[in-house]
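This is query29.cif. It holds mmCIF, C-alpha atoms.
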```cif
data_input
#
loop_
_atom_site.label_atom_id
_atom_site.label_comp_id
_atom_site.auth_asym_id
_atom_site.auth_seq_id
_atom_site.Cartn_x
_atom_site.Cartn_y
_atom_site.Cartn_z
CA MET A 1 -5.21 -29.11 -7.56
CA TRP A 2 -6.61 -26.30 -9.75
CA TYR A 3 -5.53 -22.67 -9.73
CA SER A 4 -7.13 -19.59 -11.26
CA PRO A 5 -5.81 -16.03 -11.11
CA GLU A 6 -8.71 -14.39 -9.28
CA PRO A 7 -9.61 -15.62 -6.76
CA LEU A 8 -7.01 -18.25 -6.08
CA VAL A 9 -8.98 -21.40 -5.23
CA TRP A 10 -7.65 -24.70 -4.00
CA SER A 11 -10.05 -27.42 -4.96
CA VAL A 12 -10.12 -30.70 -3.07
CA PRO A 13 -12.71 -33.34 -3.95
CA GLY A 14 -15.79 -32.48 -1.92
CA HIS A 15 -14.27 -29.35 -0.36
CA HIS A 16 -13.47 -25.89 -1.66
CA PHE A 17 -11.11 -23.64 0.24
CA LEU A 18 -10.64 -20.01 -0.60
CA LEU A 19 -6.89 -20.19 -0.17
CA LEU A 20 -6.20 -16.55 -0.93
CA GLY A 21 -8.62 -15.31 1.71
CA ALA A 22 -7.55 -17.90 4.26
CA VAL A 23 -3.91 -16.88 3.94
CA SER A 24 -4.06 -13.18 3.08
CA CYS A 25 -6.65 -11.98 5.60
CA PRO A 26 -4.72 -12.93 8.75
CA LEU A 27 -1.47 -11.68 7.21
CA SER A 28 -2.91 -8.35 6.05
CA THR A 29 -4.63 -7.80 9.39
CA GLY A 30 -1.71 -9.00 11.49
CA PHE A 31 0.90 -6.89 9.70
CA PRO A 32 -0.44 -3.50 10.81
CA ALA A 33 -0.94 -4.79 14.34
CA PHE A 34 2.59 -6.11 14.71
CA ALA A 35 4.17 -3.24 12.77
CA SER A 36 2.47 -0.57 14.88
CA ALA A 37 3.11 -2.37 18.16
CA GLY A 38 6.72 -3.12 17.33
CA LEU A 39 7.47 0.38 16.10
CA SER A 40 5.75 1.99 19.06
CA VAL A 41 7.49 -0.19 21.64
CA SER A 42 10.88 0.36 20.04
CA CYS A 43 10.30 4.12 20.03
CA ALA A 44 8.83 4.24 23.55
CA TYR A 45 12.03 5.45 25.15
CA GLN A 46 12.73 7.95 22.40
CA VAL A 47 9.60 10.00 23.21
CA PRO A 48 10.86 13.37 24.45
CA GLY A 49 9.51 14.90 27.60
CA PRO A 50 9.16 14.06 31.25
CA GLU A 51 8.59 10.53 32.51
CA ALA A 52 5.11 11.51 33.69
CA GLY A 53 2.68 10.85 30.85
CA ARG A 54 5.15 8.84 28.79
CA SER A 55 2.93 5.73 28.83
CA THR A 56 -0.04 7.82 27.67
CA ARG A 57 1.98 9.25 24.79
CA VAL A 58 3.19 5.79 23.82
CA ALA A 59 -0.37 4.39 23.98
CA VAL A 60 -1.60 7.23 21.77
CA ALA A 61 1.24 6.52 19.31
CA VAL A 62 0.34 2.81 19.24
CA VAL A 63 -3.36 3.51 18.59
CA ASP A 64 -2.62 6.15 15.98
CA THR A 65 -0.12 3.94 14.16
CA PHE A 66 -2.44 0.93 14.22
CA VAL A 67 -5.45 2.88 12.91
CA TRP A 68 -3.34 4.55 10.21
CA GLN A 69 -1.81 1.23 9.11
CA ALA A 70 -5.17 -0.55 9.13
CA LEU A 71 -6.75 2.12 6.94
CA ALA A 72 -3.86 3.12 4.66
CA SER A 73 -2.28 -0.32 4.23
CA VAL A 74 -5.19 -2.76 4.36
CA ALA A 75 -8.78 -1.54 4.19
CA ILE A 76 -8.75 1.32 1.69
CA PRO A 77 -6.19 -0.13 -0.76
CA GLY A 78 -7.92 -3.52 -0.63
CA PHE A 79 -11.30 -2.00 -1.40
CA THR A 80 -9.88 0.28 -4.11
CA ILE A 81 -8.00 -2.49 -5.89
CA ASN A 82 -11.04 -4.76 -5.64
CA ARG A 83 -13.20 -2.12 -7.33
CA VAL A 84 -10.55 -1.44 -10.01
CA CYS A 85 -10.44 -5.17 -10.77
CA ALA A 86 -14.22 -5.53 -10.78
CA ALA A 87 -14.64 -2.53 -13.10
CA SER A 88 -11.88 -3.66 -15.45
CA LEU A 89 -13.28 -7.19 -15.64
CA TYR A 90 -16.71 -5.77 -16.47
CA VAL A 91 -15.33 -3.39 -19.12
CA LEU A 92 -13.16 -6.10 -20.66
CA GLY A 93 -16.19 -8.41 -20.72
CA THR A 94 -18.36 -5.91 -22.55
CA ALA A 95 -15.72 -4.29 -24.79
CA THR A 96 -13.71 -7.33 -25.91
CA ARG A 97 -14.27 -10.89 -26.96
CA TRP A 98 -11.19 -12.14 -25.14
CA PRO A 99 -11.42 -15.53 -23.43
CA LEU A 100 -12.31 -15.40 -19.74
CA ALA A 101 -8.82 -16.50 -18.63
CA VAL A 102 -7.20 -13.64 -20.58
CA ARG A 103 -9.69 -11.13 -19.14
CA LYS A 104 -9.00 -12.36 -15.59
CA TRP A 105 -5.22 -12.17 -15.99
CA THR A 106 -5.52 -8.72 -17.57
CA THR A 107 -7.72 -7.66 -14.66
CA THR A 108 -5.12 -8.93 -12.20
CA ALA A 109 -2.36 -7.04 -14.04
CA LEU A 110 -4.44 -3.82 -14.02
CA GLY A 111 -5.06 -4.22 -10.28
CA LEU A 112 -1.32 -4.58 -9.65
CA LEU A 113 -0.54 -1.62 -11.92
CA ALA A 114 -3.00 0.52 -9.95
CA ILE A 115 -1.03 0.11 -6.71
CA PRO A 116 1.67 2.75 -7.37
CA ILE A 117 -1.00 5.20 -8.54
CA ILE A 118 -3.21 4.90 -5.44
CA ILE A 119 -0.54 4.87 -2.69
CA HIS A 120 0.06 8.59 -2.17
CA PRO A 121 -3.56 9.76 -2.51
CA ILE A 122 -4.65 7.14 0.03
CA ASP A 123 -1.86 8.07 2.46
CA ARG A 124 -2.72 11.78 2.25
CA SER A 125 -6.44 11.05 2.60
CA VAL A 126 -5.93 8.90 5.69
CA ASP A 127 -3.72 11.60 7.24
CA PHE A 128 -6.44 14.19 6.57
CA LEU A 129 -9.15 11.86 7.93
CA LEU A 130 -7.24 11.17 11.14
CA ASP A 131 -6.25 14.84 11.56
CA SER A 132 -9.93 15.76 11.22
CA SER A 133 -11.26 13.11 13.58
CA LEU A 134 -9.32 10.74 15.82
CA ARG A 135 -6.26 12.94 16.37
CA LYS A 136 -8.47 15.71 17.76
CA LEU A 137 -9.39 13.35 20.62
CA TYR A 138 -5.82 12.72 21.75
CA PRO A 139 -4.61 14.53 24.86
CA SER A 140 -2.61 17.59 23.90
CA VAL A 141 1.08 17.51 24.54
CA GLU A 142 2.33 20.77 25.97
CA LYS A 143 5.35 22.18 24.23
CA PRO A 144 8.21 23.05 26.55
CA SER A 145 8.71 26.74 27.08
CA SER A 146 11.66 28.29 25.32
CA SER A 147 12.61 30.53 28.28
#
```

Please go through the file and, once you have read it, give me the structure as structure tokens.
Amino acid sequence: MWYSPEPLVWSVPGHHFLLLGAVSCPLSTGFPAFASAGLSVSCAYQVPGPEAGRSTRVAVAVVDTFVWQALASVAIPGFTINRVCAASLYVLGTATRWPLAVRKWTTTALGLLAIPIIIHPIDRSVDFLLDSSLRKLYPSVEKPSSS
């Protein structure tokens, strides 16, 4: 068995499996699905308002949560970290004479260090994107009168 930092590859004589992709893709896709469904189902009976329309409000909450999780937790951070790693590997390759293994591990460390920096801007951007698009399509919930 042979391991390298990026991408993690499991080498078997005659076969090559991209272990990281085979394991991480279903997990990263499944997490938002189960998190949004579980959270929405557990909160279904906490939705205020009359019984009529409760299932619609819960369905909207499930869709909204799933889309938000898929964008803010999987797609955009994955793409951003991938580009940070690709750019850092390129810069390290042109600016240093470090061995390839050192450049790859440094690239991996820089990708991990980028995570705390990108979290809040991505979350705010996804909120703005959904407020400007998908959330405008949801049925409006009438506020109860105060009288």

Around all the atoms of region 83-93 of chain A listed in the file, with 6 Å of room on each side, what axis-aligned box do you get, giving centre and edge lengths in Å to one decimal, as lines of an AutoDock Vina configuration file?
```
center_x = -13.6
center_y = -4.9
center_z = -14.0
size_x = 18.3
size_y = 19.0
size_z = 25.4
```

* Computed interatomic separation between CA of Val126 (chain A) and CA of Val74 (chain A) (Å) ->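 The value is 11.8 Å.
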
* Asked: CA of Thr80 (chain A) and CA of Gly93 (chain A), how far apart in Å?
  -> 19.8 Å

* Contacts of Thr108 (chain A) within 10 Å, all atoms listed in the file, excl. fewer than 3 positions in-chain, as a VMD selection string -> chain A and resid 5 to 7 81 to 82 84 to 86 88 to 89 102 to 105 111 to 114

Go ahead and save the picked residues with C-alpha atoms, as a tab-separated table (two decimals), in the coordinates of the input.
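So the final result, stored in out.tsv, reads:
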```tsv
chain	number	residue	atom	x	y	z
A	5	PRO	CA	-5.81	-16.03	-11.11
A	6	GLU	CA	-8.71	-14.39	-9.28
A	7	PRO	CA	-9.61	-15.62	-6.76
A	81	ILE	CA	-8.00	-2.49	-5.89
A	82	ASN	CA	-11.04	-4.76	-5.64
A	84	VAL	CA	-10.55	-1.44	-10.01
A	85	CYS	CA	-10.44	-5.17	-10.77
A	86	ALA	CA	-14.22	-5.53	-10.78
A	88	SER	CA	-11.88	-3.66	-15.45
A	89	LEU	CA	-13.28	-7.19	-15.64
A	102	VAL	CA	-7.20	-13.64	-20.58
A	103	ARG	CA	-9.69	-11.13	-19.14
A	104	LYS	CA	-9.00	-12.36	-15.59
A	105	TRP	CA	-5.22	-12.17	-15.99
A	111	GLY	CA	-5.06	-4.22	-10.28
A	112	LEU	CA	-1.32	-4.58	-9.65
A	113	LEU	CA	-0.54	-1.62	-11.92
A	114	ALA	CA	-3.00	0.52	-9.95
```

* Asked: To one decimal place, how far is CA of Ser140 (chain A) from CA of Gly53 (chain A) in Å?
  -> 11.0 Å

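Taking only C-alpha atoms, the non-local environment of Leu129 (chain A) within 12 Å (same-chain residues fewer than 4 positions away omitted) comprises Asp64, Val67, Trp68, Leu71, Ala72, Ile122, Asp123, Arg124, Ser125, Ser133, Leu134, Arg135 and Lys136 of chain A.
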
Dump of C-alpha atoms for the selected residues, as a PDB file, in the coordinates of the input:
```
ATOM      1  CA  ASP A  64      -2.620   6.150  15.980  1.00  0.00           C
ATOM      2  CA  VAL A  67      -5.450   2.880  12.910  1.00  0.00           C
ATOM      3  CA  TRP A  68      -3.340   4.550  10.210  1.00  0.00           C
ATOM      4  CA  LEU A  71      -6.750   2.120   6.940  1.00  0.00           C
ATOM      5  CA  ALA A  72      -3.860   3.120   4.660  1.00  0.00           C
ATOM      6  CA  ILE A 122      -4.650   7.140   0.030  1.00  0.00           C
ATOM      7  CA  ASP A 123      -1.860   8.070   2.460  1.00  0.00           C
ATOM      8  CA  ARG A 124      -2.720  11.780   2.250  1.00  0.00           C
ATOM      9  CA  SER A 125      -6.440  11.050   2.600  1.00  0.00           C
ATOM     10  CA  SER A 133     -11.260  13.110  13.580  1.00  0.00           C
ATOM     11  CA  LEU A 134      -9.320  10.740  15.820  1.00  0.00           C
ATOM     12  CA  ARG A 135      -6.260  12.940  16.370  1.00  0.00           C
ATOM     13  CA  LYS A 136      -8.470  15.710  17.760  1.00  0.00           C
TER      14      LYS A 136
END
```
